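Peer 1: My structure is stored as query-v9.csv, with CSV, C-alpha atoms.
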chain,number,residue,atom,x,y,z
W,1158,GLY,CA,56.0,-10.9,114.4
W,1159,LEU,CA,59.2,-9.9,116.2
W,1160,ASN,CA,62.6,-11.3,115.1
W,1161,ARG,CA,65.6,-11.4,117.4
W,1162,PHE,CA,69.0,-12.0,115.8
W,1163,GLU,CA,71.5,-14.0,117.9
W,1164,TYR,CA,75.1,-13.3,117.0
W,1165,LYS,CA,76.6,-16.5,118.3
W,1166,SER,CA,74.4,-18.8,116.3
W,1167,GLN,CA,73.9,-16.3,113.5
W,1168,LYS,CA,70.2,-17.2,113.5
W,1169,PHE,CA,66.9,-15.4,114.1
W,1170,LYS,CA,64.6,-16.2,117.0
W,1171,ARG,CA,61.0,-15.5,116.0
W,1172,TYR,CA,58.2,-14.3,118.4
W,1173,LYS,CA,54.7,-14.6,116.8
W,1174,ALA,CA,51.3,-14.1,118.2
W,1175,ASP,CA,49.7,-17.2,119.7
W,1176,ARG,CA,46.4,-17.1,121.5
W,1177,LYS,CA,47.4,-20.1,123.7
W,1178,ASN,CA,50.4,-18.2,125.0
W,1179,SER,CA,49.4,-15.5,127.5
W,1180,LYS,CA,53.0,-14.3,127.8
W,1181,GLY,CA,53.7,-14.1,124.1
W,1182,ILE,CA,53.5,-11.1,121.8
W,1183,LYS,CA,49.9,-10.0,121.1
W,1184,GLY,CA,50.3,-8.7,117.5
W,1185,ASN,CA,52.3,-9.7,114.5
W,1186,GLN,CA,52.5,-6.2,112.9
W,1187,VAL,CA,55.4,-4.6,114.7
W,1188,ARG,CA,55.4,-0.8,114.0
W,1189,ALA,CA,57.9,0.6,116.5
W,1190,ILE,CA,60.7,-0.6,118.8
W,1191,LEU,CA,62.4,1.4,121.5
W,1192,GLU,CA,65.2,0.6,124.0
W,1193,ASP,CA,64.7,3.2,126.8
W,1194,SER,CA,67.4,4.8,129.1
W,1195,LYS,CA,67.0,1.8,131.5
W,1196,HIS,CA,67.5,-0.7,128.7
W,1197,ASN,CA,63.9,-1.8,128.7
W,1198,LEU,CA,62.7,-3.0,125.3
W,1199,TRP,CA,59.3,-1.6,124.2
W,1200,ILE,CA,57.5,-2.9,121.1
W,1201,GLY,CA,54.6,-1.2,119.5
W,1202,THR,CA,52.2,-3.6,117.6
W,1203,ASP,CA,48.8,-3.4,116.0
W,1204,GLU,CA,47.3,-5.1,119.1
W,1205,ALA,CA,49.2,-3.7,122.2
W,1206,LEU,CA,52.2,-2.0,123.6
W,1207,GLU,CA,54.6,-4.7,124.7
W,1208,LEU,CA,57.4,-4.7,127.3
W,1209,PHE,CA,59.9,-7.6,126.5
W,1210,ASN,CA,61.9,-9.4,129.1
W,1211,PRO,CA,64.9,-10.9,127.3
W,1212,ASP,CA,65.8,-13.2,130.2
W,1213,THR,CA,62.4,-15.0,130.4
W,1214,GLU,CA,61.6,-14.2,126.7
W,1215,THR,CA,58.1,-13.1,127.8
W,1216,PHE,CA,56.0,-10.0,127.1
W,1217,THR,CA,54.0,-7.7,129.4
W,1218,HIS,CA,51.0,-6.4,127.6
W,1219,PHE,CA,49.5,-2.9,127.8
W,1220,GLN,CA,46.1,-2.9,126.1
W,1221,LYS,CA,43.1,-0.6,126.2
W,1222,ASN,CA,40.5,-1.5,128.7
W,1223,ALA,CA,37.2,-1.1,126.8
W,1224,ASN,CA,35.3,-0.3,130.0
W,1225,SER,CA,37.7,2.2,131.4
W,1226,GLY,CA,37.3,5.2,129.1
W,1227,ALA,CA,40.2,7.5,129.4
W,1228,SER,CA,41.5,5.9,132.6
W,1229,PRO,CA,45.1,6.6,133.7
W,1230,HIS,CA,45.4,2.9,134.2
W,1231,SER,CA,44.8,2.0,130.6
W,1232,ILE,CA,46.5,2.9,127.3
W,1233,ILE,CA,44.4,5.0,125.0
W,1234,ASP,CA,44.5,2.7,122.0
W,1235,ASN,CA,46.0,-0.7,121.0
W,1236,VAL,CA,47.4,0.3,117.6
W,1237,ILE,CA,50.9,1.8,118.2
W,1238,PHE,CA,52.8,3.7,115.6
W,1239,ALA,CA,55.6,5.5,117.4
W,1240,LEU,CA,57.6,5.4,120.7
W,1241,ALA,CA,60.1,7.9,122.3
W,1242,ASP,CA,62.0,7.9,125.6
W,1243,ASN,CA,61.3,11.0,127.7
W,1244,GLY,CA,64.4,10.3,129.8
W,1245,ASP,CA,62.7,10.7,133.2
W,1246,GLY,CA,61.2,7.3,133.6
W,1247,SER,CA,58.4,7.9,131.2
W,1248,ILE,CA,57.9,7.1,127.5
W,1249,TRP,CA,55.8,8.7,124.8
W,1250,ILE,CA,53.4,6.5,122.8
W,1251,GLY,CA,51.9,7.5,119.5
W,1252,THR,CA,48.7,5.6,118.8
W,1253,GLU,CA,45.9,5.6,116.2
W,1254,ASN,CA,43.7,7.4,118.7
W,1255,GLY,CA,45.9,9.8,120.6
W,1256,LEU,CA,49.2,10.5,122.3
W,1257,ASP,CA,50.0,8.8,125.6
W,1258,ARG,CA,52.8,9.4,128.1
W,1259,TYR,CA,53.4,6.3,130.3
W,1260,ASN,CA,55.1,6.8,133.7
W,1261,THR,CA,57.0,3.6,134.5
W,1262,LEU,CA,57.3,4.5,138.2
W,1263,THR,CA,53.6,5.1,138.9
W,1264,ARG,CA,52.5,2.8,136.1
W,1265,THR,CA,49.9,5.4,134.9
W,1266,PHE,CA,49.1,6.9,131.5
W,1267,THR,CA,48.5,10.6,130.7
W,1268,HIS,CA,46.3,11.0,127.6
W,1269,PHE,CA,46.4,13.7,124.9
W,1270,GLN,CA,43.6,13.7,122.4
W,1271,ASN,CA,42.1,16.2,119.9
W,1272,ASN,CA,39.3,18.3,121.2
W,1273,SER,CA,37.5,20.2,118.4
W,1274,GLY,CA,36.6,22.9,120.9
W,1275,ASN,CA,40.1,23.5,122.1
W,1276,VAL,CA,42.7,24.9,119.7
W,1277,ASN,CA,45.4,24.1,122.2
W,1278,SER,CA,44.8,20.3,122.0
W,1279,ILE,CA,46.8,18.0,119.7
W,1280,SER,CA,45.8,18.5,116.1
W,1281,ASN,CA,44.9,15.0,115.2
W,1282,ASN,CA,44.6,11.7,117.1
W,1283,SER,CA,46.5,9.5,114.7
W,1284,VAL,CA,50.1,9.9,115.7
W,1285,ASN,CA,52.6,8.6,113.0
W,1286,THR,CA,55.9,9.8,114.4
W,1287,ILE,CA,57.5,11.4,117.4
W,1288,LEU,CA,60.7,13.3,118.1
W,1289,LEU,CA,62.0,14.6,121.5
W,1290,ASP,CA,64.6,17.2,120.9
W,1291,PRO,CA,67.5,18.1,123.2
W,1292,THR,CA,65.6,20.9,124.8
W,1293,GLY,CA,62.8,18.6,125.9
W,1294,ILE,CA,60.3,19.8,123.2
W,1295,LEU,CA,58.2,17.0,121.8
W,1296,TRP,CA,57.4,17.1,118.1
W,1297,VAL,CA,54.4,15.0,117.1
W,1298,GLY,CA,53.8,14.1,113.4
W,1299,THR,CA,50.2,13.2,112.7
W,1300,PHE,CA,48.1,11.8,110.0
W,1301,ALA,CA,46.3,14.7,108.3
W,1302,GLY,CA,46.9,17.1,111.2
W,1303,GLY,CA,50.4,18.3,110.4
W,1304,ILE,CA,52.8,18.8,113.4
W,1305,SER,CA,51.8,19.4,117.0
W,1306,LYS,CA,54.6,20.8,119.2
W,1307,TYR,CA,54.4,20.1,122.9
W,1308,ASP,CA,56.4,22.0,125.6
W,1309,LYS,CA,56.0,20.4,129.1
W,1310,ASN,CA,56.3,23.9,130.6
W,1311,LEU,CA,53.2,25.1,128.7
W,1312,PRO,CA,49.7,23.6,128.9
W,1313,ARG,CA,49.1,23.5,125.2
W,1314,PHE,CA,50.1,22.3,121.8
W,1315,GLU,CA,51.4,24.6,119.0
W,1316,HIS,CA,50.6,23.6,115.5
W,1317,TYR,CA,52.2,23.6,112.1
W,1318,SER,CA,50.2,22.8,109.0
W,1319,LYS,CA,50.0,23.3,105.2
W,1320,ASN,CA,49.0,26.8,104.2
W,1321,ILE,CA,48.5,27.3,100.5
W,1322,ASN,CA,49.0,31.1,101.0
W,1323,ASP,CA,52.4,30.7,102.7
W,1324,LYS,CA,55.2,29.2,100.6
W,1325,ASN,CA,57.3,28.8,103.8
W,1326,SER,CA,54.7,26.6,105.5
W,1327,LEU,CA,54.7,22.8,105.8
W,1328,THR,CA,54.0,21.2,102.4
W,1329,HIS,CA,51.7,18.4,103.5
W,1330,ASN,CA,49.7,17.4,106.6
W,1331,ILE,CA,50.5,13.7,106.6
W,1332,LEU,CA,53.7,13.2,108.5
W,1333,THR,CA,55.9,10.1,108.4
W,1334,SER,CA,59.3,10.8,110.0
W,1335,PHE,CA,61.6,13.2,111.8
W,1336,ALA,CA,65.4,13.7,112.0
W,1337,GLU,CA,67.2,16.5,113.8
W,1338,ASN,CA,70.6,17.8,112.7
W,1339,GLU,CA,73.4,19.2,114.7
W,1340,LYS,CA,72.1,22.8,114.1
W,1341,GLY,CA,68.8,22.0,115.7
W,1342,GLU,CA,67.0,22.0,112.4
W,1343,ILE,CA,64.4,19.2,111.8
W,1344,TRP,CA,64.1,17.2,108.6
W,1345,ILE,CA,60.5,16.1,108.1
W,1346,GLY,CA,59.2,13.4,105.9
W,1347,THR,CA,55.7,13.7,104.5
W,1348,ASP,CA,53.4,11.4,102.5
W,1349,GLY,CA,52.8,13.4,99.4
W,1350,GLY,CA,54.6,16.6,100.1
W,1351,GLY,CA,58.2,15.5,99.8
W,1352,LEU,CA,60.9,16.5,102.2
W,1353,ASN,CA,60.8,19.6,104.5
W,1354,LEU,CA,63.5,21.2,106.6
W,1355,LEU,CA,62.3,23.3,109.6
W,1356,ASN,CA,64.3,26.2,111.0
W,1357,LYS,CA,62.9,26.3,114.5
W,1358,GLU,CA,64.2,29.8,115.3
W,1359,GLN,CA,62.4,31.3,112.2
W,1360,ASP,CA,59.5,28.9,112.1
W,1361,ARG,CA,60.2,28.5,108.4
W,1362,PHE,CA,60.1,25.4,106.2
W,1363,ILE,CA,62.2,24.7,103.2
W,1364,CYS,CA,60.8,22.2,100.8
W,1365,TYR,CA,62.5,19.5,98.7
W,1366,LYS,CA,60.1,17.9,96.2
W,1367,LYS,CA,60.5,15.6,93.2
W,1368,ASP,CA,60.9,17.7,90.1
W,1369,GLY,CA,62.1,15.1,87.6
W,1370,THR,CA,65.7,16.1,87.7
W,1371,PRO,CA,68.6,14.0,89.1
W,1372,ASN,CA,69.2,16.6,91.9
W,1373,SER,CA,65.9,16.2,93.6
W,1374,VAL,CA,64.3,13.7,95.9
W,1375,SER,CA,63.1,10.6,94.0
W,1376,SER,CA,59.6,10.5,95.6
W,1377,ASN,CA,57.3,12.9,97.4
W,1378,SER,CA,56.2,10.0,99.7
W,1379,ILE,CA,58.9,9.8,102.4
W,1380,LEU,CA,58.9,6.8,104.7
W,1381,GLU,CA,62.1,7.1,106.8
W,1382,LEU,CA,64.9,9.6,107.6
W,1383,LEU,CA,68.4,9.0,109.0
W,1384,ILE,CA,71.3,11.5,109.7
W,1385,ASP,CA,74.6,9.6,109.6
W,1386,ARG,CA,77.8,10.1,111.5
W,1387,ASP,CA,79.0,12.5,108.7
W,1388,LYS,CA,75.9,14.6,109.1
W,1389,ASN,CA,74.5,13.6,105.8
W,1390,LEU,CA,70.8,12.6,105.3
W,1391,TRP,CA,69.5,9.3,104.1
W,1392,ILE,CA,65.9,9.2,102.8
W,1393,GLY,CA,63.8,6.1,102.5
W,1394,THR,CA,60.9,6.6,100.1
W,1395,TYR,CA,57.9,4.8,98.9
W,1396,ASP,CA,58.6,3.3,95.4
W,1397,GLY,CA,61.4,5.8,94.8
W,1398,GLY,CA,64.3,3.9,96.4
W,1399,LEU,CA,66.8,5.2,98.8
W,1400,ASP,CA,68.2,8.8,98.5
W,1401,PHE,CA,71.4,10.2,99.9
W,1402,PHE,CA,71.5,14.0,100.4
W,1403,ASP,CA,75.0,15.5,100.8
W,1404,THR,CA,74.4,18.4,103.2
W,1405,LYS,CA,77.7,20.2,102.1
W,1406,THR,CA,77.1,20.1,98.4
W,1407,ARG,CA,73.3,20.1,98.7
W,1408,SER,CA,73.1,17.3,96.1
W,1409,PHE,CA,71.2,14.0,95.9
W,1410,ARG,CA,72.4,10.6,95.0
W,1411,HIS,CA,69.9,7.8,94.3
W,1412,TYR,CA,69.9,4.1,94.9
W,1413,ARG,CA,67.2,1.9,93.3
W,1414,LYS,CA,66.1,-1.6,92.7
W,1415,GLY,CA,68.4,-3.6,90.4
W,1416,ASN,CA,70.7,-6.6,89.9
W,1417,GLY,CA,73.9,-4.8,90.7
W,1418,LYS,CA,75.9,-5.1,94.0
W,1419,SER,CA,75.0,-1.5,94.9
W,1420,ASP,CA,71.3,-1.9,94.0
W,1421,LEU,CA,68.4,-2.3,96.3
W,1422,SER,CA,66.1,-5.4,96.4
W,1423,ASN,CA,63.0,-3.1,96.6
W,1424,ASN,CA,62.2,0.5,95.9
W,1425,SER,CA,60.2,1.1,99.1
W,1426,VAL,CA,62.5,1.7,102.1
W,1427,PHE,CA,60.7,1.6,105.4
W,1428,ALA,CA,63.6,1.6,108.0
W,1429,LEU,CA,67.2,2.9,108.2
W,1430,LEU,CA,69.9,2.3,110.8
W,1431,GLU,CA,73.6,3.1,110.9
Turn the structure described in the file into structure tokens.
Peer 2:
Amino acid sequence: GLNRFEYKSQKFKRYKADRKNSKGIKGNQVRAILEDSKHNLWIGTDEALELFNPDTETFTHFQKNANSGASPHSIIDNVIFALADNGDGSIWIGTENGLDRYNTLTRTFTHFQNNSGNVNSISNNSVNTILLDPTGILWVGTFAGGISKYDKNLPRFEHYSKNINDKNSLTHNILTSFAENEKGEIWIGTDGGGLNLLNKEQDRFICYKKDGTPNSVSSNSILELLIDRDKNLWIGTYDGGLDFFDTKTRSFRHYRKGNGKSDLSNNSVFALLE
């Protein structure tokens, strides 16, 4: 479910799915949370997209209408993996069965799904992660389809995927996370291909993989990325702990499970926040 920490009481308020409560949250697996530019709180679960009202502590549900097909009045899928604010009254929604843009003013959805007969469509329907860069370009990380880049001024998606004949290509087609630095370069987490850094001007990827030495990423399965206020990169991994990458010295520091004060409680790090 969803947990809300209340500073005054120093306690958590829990919201869990309850079939008897029509205004309660629909799903207990919370995969994404977004506060948009209008301070609306959106929650992506395994059962619905939710809009939370903190005053009434109720949820408005957006669920797929099984009889509506690809209707603009219905979300494309109920399993939500990623959310991003478009800054114009709409939000991007990454689902298990396509990418949606929801217009909060007209209350309609625009659907983007893979079409095997159209090379300009999104590369894969399972959308794991989304990044909207400062120029308005949407970067879509998919499961097994690499990256699809969407420019609202162009009626197509551009694709980046693993190419075994190109050492400067993406190292894996399962994407998990994005983080953009002050230079406009994008750090990319993959599930099995380690860490990638994309130079957007050159369309060139630099790869950082586990190589068994202290100065490498601790796992090739990356779960989460965060650039801190000092412009350094934090890397949450699956079963490899937490990595810190100093962008000035280009060196890694590792934090793992242990009993010390500076140790982690678990070696799988799913979320990071400064």
Peer 1: Could you pull the residues within 12 Å of W:Asp1387, counting only C-alpha atoms, minus those fewer than 4 positions along the same chain, as a list of chain:residue names?
Peer 2: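 Once the nearby chain positions are removed, what remains is W:Asn1338, W:Glu1339, W:Leu1383, W:Trp1391, W:Phe1401, W:Phe1402, W:Asp1403, W:Thr1404, W:Lys1405, W:Glu1431.
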Peer 1: Restricting the calculation to all atoms listed in the file: of W:Thr1286, W:Ser1376, W:Gln1167, W:Thr1292, which residue gets closest to W:Leu1240?
Peer 2: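 Using all atoms listed in the file, the shortest distance to W:Leu1240 belongs to W:Thr1286.
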Peer 1: Pull the closest atom pair for each residue of stretch 1202-1298 of chain W that gets at most 12 Å from stretch 1340-1344 of chain W, along with the distance in Å to one decimal, counting all atoms listed in the file, ordering rows by chain and then ascending residue number, as a tab-separated table.
Peer 2:
residue	atom	partner	partner_atom	distance
W:Ile1287	CA	W:Ile1343	CA	11.8
W:Leu1288	CA	W:Ile1343	CA	9.4
W:Leu1289	CA	W:Ile1343	CA	11.0
W:Asp1290	CA	W:Gly1341	CA	8.2
W:Pro1291	CA	W:Gly1341	CA	8.6
W:Thr1292	CA	W:Gly1341	CA	9.7
W:Ile1294	CA	W:Gly1341	CA	11.5
W:Leu1295	CA	W:Ile1343	CA	12.0
W:Trp1296	CA	W:Ile1343	CA	9.6
W:Gly1298	CA	W:Trp1344	CA	11.8
Peer 1: Go through W:Leu1159, W:Ile1345, W:Leu1354, W:Ile1363 and flag the residue nearest W:Lys1324, using only C-alpha atoms for the distances.
Peer 2: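 Among the listed residues, the smallest separation from W:Lys1324 belongs to W:Ile1363.
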Peer 1: Just want the 8 Å neighbourhood of W:Asn1160, counted on only C-alpha atoms, with same-chain residues fewer than 5 positions away dropped. Output as a PyMOL selection string.
Peer 2: chain W and resi 1169-1172
Peer 1: Counting all atoms listed in the file, write as a count of residues only all protein and nucleic acid residues lying at most 8 Å from (63.1, 0.5, 118.5) in the file's frame.
Peer 2: 8
Peer 1: Using all atoms listed in the file, what does the table of stretch 1276-1325 of chain W residues within 12 Å of stretch 1221-1233 of chain W look like, with each row giving the shortest atom pair and its distance in Å to one decimal, sorted by chain and ascending number, as a tab-separated table?
Peer 2:
residue	atom	partner	partner_atom	distance
W:Asn1282	CA	W:Ile1233	CA	10.4
W:Ser1283	CA	W:Ile1233	CA	11.4
W:Val1284	CA	W:Ile1233	CA	12.0
Peer 1: Here is a test: counting only C-alpha atoms, which residue of W:Val1187, W:Leu1421, W:Ile1182, W:Ile1237 is nearest to W:Phe1209?
Peer 2: W:Ile1182
Peer 1: So the first atom is atom CA of W:Asn1424 and the second is atom CA of W:Lys1388; what is the distance between them in Å, to one decimal place?
Peer 2: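 Computed distance, atom CA of W:Asn1424 to atom CA of W:Lys1388, equals 23.7 Å.
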Peer 1: Go ahead and compute the interatomic distance for atom CA of W:Phe1269 and atom CA of W:Gly1255, in Å to one decimal.
Peer 2: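 Taking atom CA of W:Phe1269 as the start and atom CA of W:Gly1255 as the end point, the length is 5.8 Å.
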Peer 1: For atom CA of W:Val1297 and atom CA of W:Asn1322, quote the distance in Å rounded to one decimal.
Peer 2: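 Separation between atom CA of W:Val1297 and atom CA of W:Asn1322: 23.4 Å.
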Peer 1: Considering all atoms listed in the file, return as number ranges by chain whatever protein or nucleic-acid residues lie within 10 Å of W:Asn1271, sequence-local ones (same chain, fewer than 3 positions apart) excluded.
Peer 2: W: 1254-1256, 1274-1283, 1302
Peer 1: When distances are computed from all atoms listed in the file, which of W:Thr1299, W:Pro1211, W:Asp1308, W:Arg1413 shows the smallest separation from W:Glu1163?
Peer 2: W:Pro1211
Peer 1: I'd like to know which of W:Ser1166, W:Asn1197, W:Thr1213, W:Asn1285 is closest to W:Lys1180, using only C-alpha atoms.
Peer 2: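 Smallest separation from W:Lys1180 among the options: W:Thr1213.
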Peer 1: Pick the closest to W:Phe1362 from W:Asp1348, W:Glu1337, W:Asp1323, W:Asp1234: which is it, counting only C-alpha atoms?
Peer 2: W:Asp1323
Peer 1: Output stretch 1320-1344 of chain W as a PDB file, in the coordinates of the input, making sure N, CA and C atoms are there.
Peer 2:
ATOM      1  N   ASN W1320      49.733  25.577 104.517  1.00  0.00           N
ATOM      2  CA  ASN W1320      49.000  26.800 104.200  1.00  0.00           C
ATOM      3  C   ASN W1320      49.283  27.187 102.796  1.00  0.00           C
ATOM      4  N   ILE W1321      48.285  27.056 101.942  1.00  0.00           N
ATOM      5  CA  ILE W1321      48.500  27.300 100.500  1.00  0.00           C
ATOM      6  C   ILE W1321      48.868  28.744 100.216  1.00  0.00           C
ATOM      7  N   ASN W1322      48.635  29.641 101.172  1.00  0.00           N
ATOM      8  CA  ASN W1322      49.000  31.100 101.000  1.00  0.00           C
ATOM      9  C   ASN W1322      50.342  31.416 101.534  1.00  0.00           C
ATOM     10  N   ASP W1323      51.065  30.423 102.061  1.00  0.00           N
ATOM     11  CA  ASP W1323      52.400  30.700 102.700  1.00  0.00           C
ATOM     12  C   ASP W1323      53.376  29.667 102.086  1.00  0.00           C
ATOM     13  N   LYS W1324      54.285  30.135 101.230  1.00  0.00           N
ATOM     14  CA  LYS W1324      55.200  29.200 100.600  1.00  0.00           C
ATOM     15  C   LYS W1324      56.277  28.680 101.568  1.00  0.00           C
ATOM     16  N   ASN W1325      56.366  29.268 102.753  1.00  0.00           N
ATOM     17  CA  ASN W1325      57.300  28.800 103.800  1.00  0.00           C
ATOM     18  C   ASN W1325      56.666  27.900 104.820  1.00  0.00           C
ATOM     19  N   SER W1326      55.437  27.443 104.532  1.00  0.00           N
ATOM     20  CA  SER W1326      54.700  26.600 105.500  1.00  0.00           C
ATOM     21  C   SER W1326      55.043  25.104 105.151  1.00  0.00           C
ATOM     22  N   LEU W1327      54.596  24.214 106.002  1.00  0.00           N
ATOM     23  CA  LEU W1327      54.700  22.800 105.800  1.00  0.00           C
ATOM     24  C   LEU W1327      53.982  22.419 104.481  1.00  0.00           C
ATOM     25  N   THR W1328      54.552  21.485 103.707  1.00  0.00           N
ATOM     26  CA  THR W1328      54.000  21.200 102.400  1.00  0.00           C
ATOM     27  C   THR W1328      52.896  20.133 102.387  1.00  0.00           C
ATOM     28  N   HIS W1329      52.754  19.383 103.482  1.00  0.00           N
ATOM     29  CA  HIS W1329      51.700  18.400 103.500  1.00  0.00           C
ATOM     30  C   HIS W1329      51.401  18.041 104.993  1.00  0.00           C
ATOM     31  N   ASN W1330      50.159  17.674 105.250  1.00  0.00           N
ATOM     32  CA  ASN W1330      49.700  17.400 106.600  1.00  0.00           C
ATOM     33  C   ASN W1330      49.798  15.986 107.088  1.00  0.00           C
ATOM     34  N   ILE W1331      50.243  15.092 106.187  1.00  0.00           N
ATOM     35  CA  ILE W1331      50.500  13.700 106.600  1.00  0.00           C
ATOM     36  C   ILE W1331      51.973  13.543 106.844  1.00  0.00           C
ATOM     37  N   LEU W1332      52.344  13.335 108.105  1.00  0.00           N
ATOM     38  CA  LEU W1332      53.700  13.200 108.500  1.00  0.00           C
ATOM     39  C   LEU W1332      54.152  11.771 108.671  1.00  0.00           C
ATOM     40  N   THR W1333      55.398  11.466 108.311  1.00  0.00           N
ATOM     41  CA  THR W1333      55.900  10.100 108.400  1.00  0.00           C
ATOM     42  C   THR W1333      57.133   9.941 109.269  1.00  0.00           C
ATOM     43  N   SER W1334      57.989  10.965 109.316  1.00  0.00           N
ATOM     44  CA  SER W1334      59.300  10.800 110.000  1.00  0.00           C
ATOM     45  C   SER W1334      59.932  12.132 110.305  1.00  0.00           C
ATOM     46  N   PHE W1335      60.803  12.086 111.334  1.00  0.00           N
ATOM     47  CA  PHE W1335      61.600  13.200 111.800  1.00  0.00           C
ATOM     48  C   PHE W1335      63.064  12.845 111.870  1.00  0.00           C
ATOM     49  N   ALA W1336      63.951  13.822 111.687  1.00  0.00           N
ATOM     50  CA  ALA W1336      65.400  13.700 112.000  1.00  0.00           C
ATOM     51  C   ALA W1336      65.946  15.041 112.281  1.00  0.00           C
ATOM     52  N   GLU W1337      66.607  15.219 113.422  1.00  0.00           N
ATOM     53  CA  GLU W1337      67.200  16.500 113.800  1.00  0.00           C
ATOM     54  C   GLU W1337      68.653  16.553 113.559  1.00  0.00           C
ATOM     55  N   ASN W1338      69.136  17.639 112.939  1.00  0.00           N
ATOM     56  CA  ASN W1338      70.600  17.800 112.700  1.00  0.00           C
ATOM     57  C   ASN W1338      71.291  18.495 113.810  1.00  0.00           C
ATOM     58  N   GLU W1339      72.603  18.644 113.648  1.00  0.00           N
ATOM     59  CA  GLU W1339      73.400  19.200 114.700  1.00  0.00           C
ATOM     60  C   GLU W1339      73.145  20.720 114.916  1.00  0.00           C
ATOM     61  N   LYS W1340      72.483  21.360 113.963  1.00  0.00           N
ATOM     62  CA  LYS W1340      72.100  22.800 114.100  1.00  0.00           C
ATOM     63  C   LYS W1340      70.793  22.979 114.799  1.00  0.00           C
ATOM     64  N   GLY W1341      70.115  21.879 115.105  1.00  0.00           N
ATOM     65  CA  GLY W1341      68.800  22.000 115.700  1.00  0.00           C
ATOM     66  C   GLY W1341      67.678  22.103 114.724  1.00  0.00           C
ATOM     67  N   GLU W1342      68.010  21.974 113.432  1.00  0.00           N
ATOM     68  CA  GLU W1342      67.000  22.000 112.400  1.00  0.00           C
ATOM     69  C   GLU W1342      66.367  20.585 112.289  1.00  0.00           C
ATOM     70  N   ILE W1343      65.109  20.526 111.905  1.00  0.00           N
ATOM     71  CA  ILE W1343      64.400  19.200 111.800  1.00  0.00           C
ATOM     72  C   ILE W1343      64.046  18.910 110.378  1.00  0.00           C
ATOM     73  N   TRP W1344      64.577  17.774 109.919  1.00  0.00           N
ATOM     74  CA  TRP W1344      64.100  17.200 108.600  1.00  0.00           C
ATOM     75  C   TRP W1344      62.811  16.505 108.856  1.00  0.00           C
TER      76      TRP W1344
END
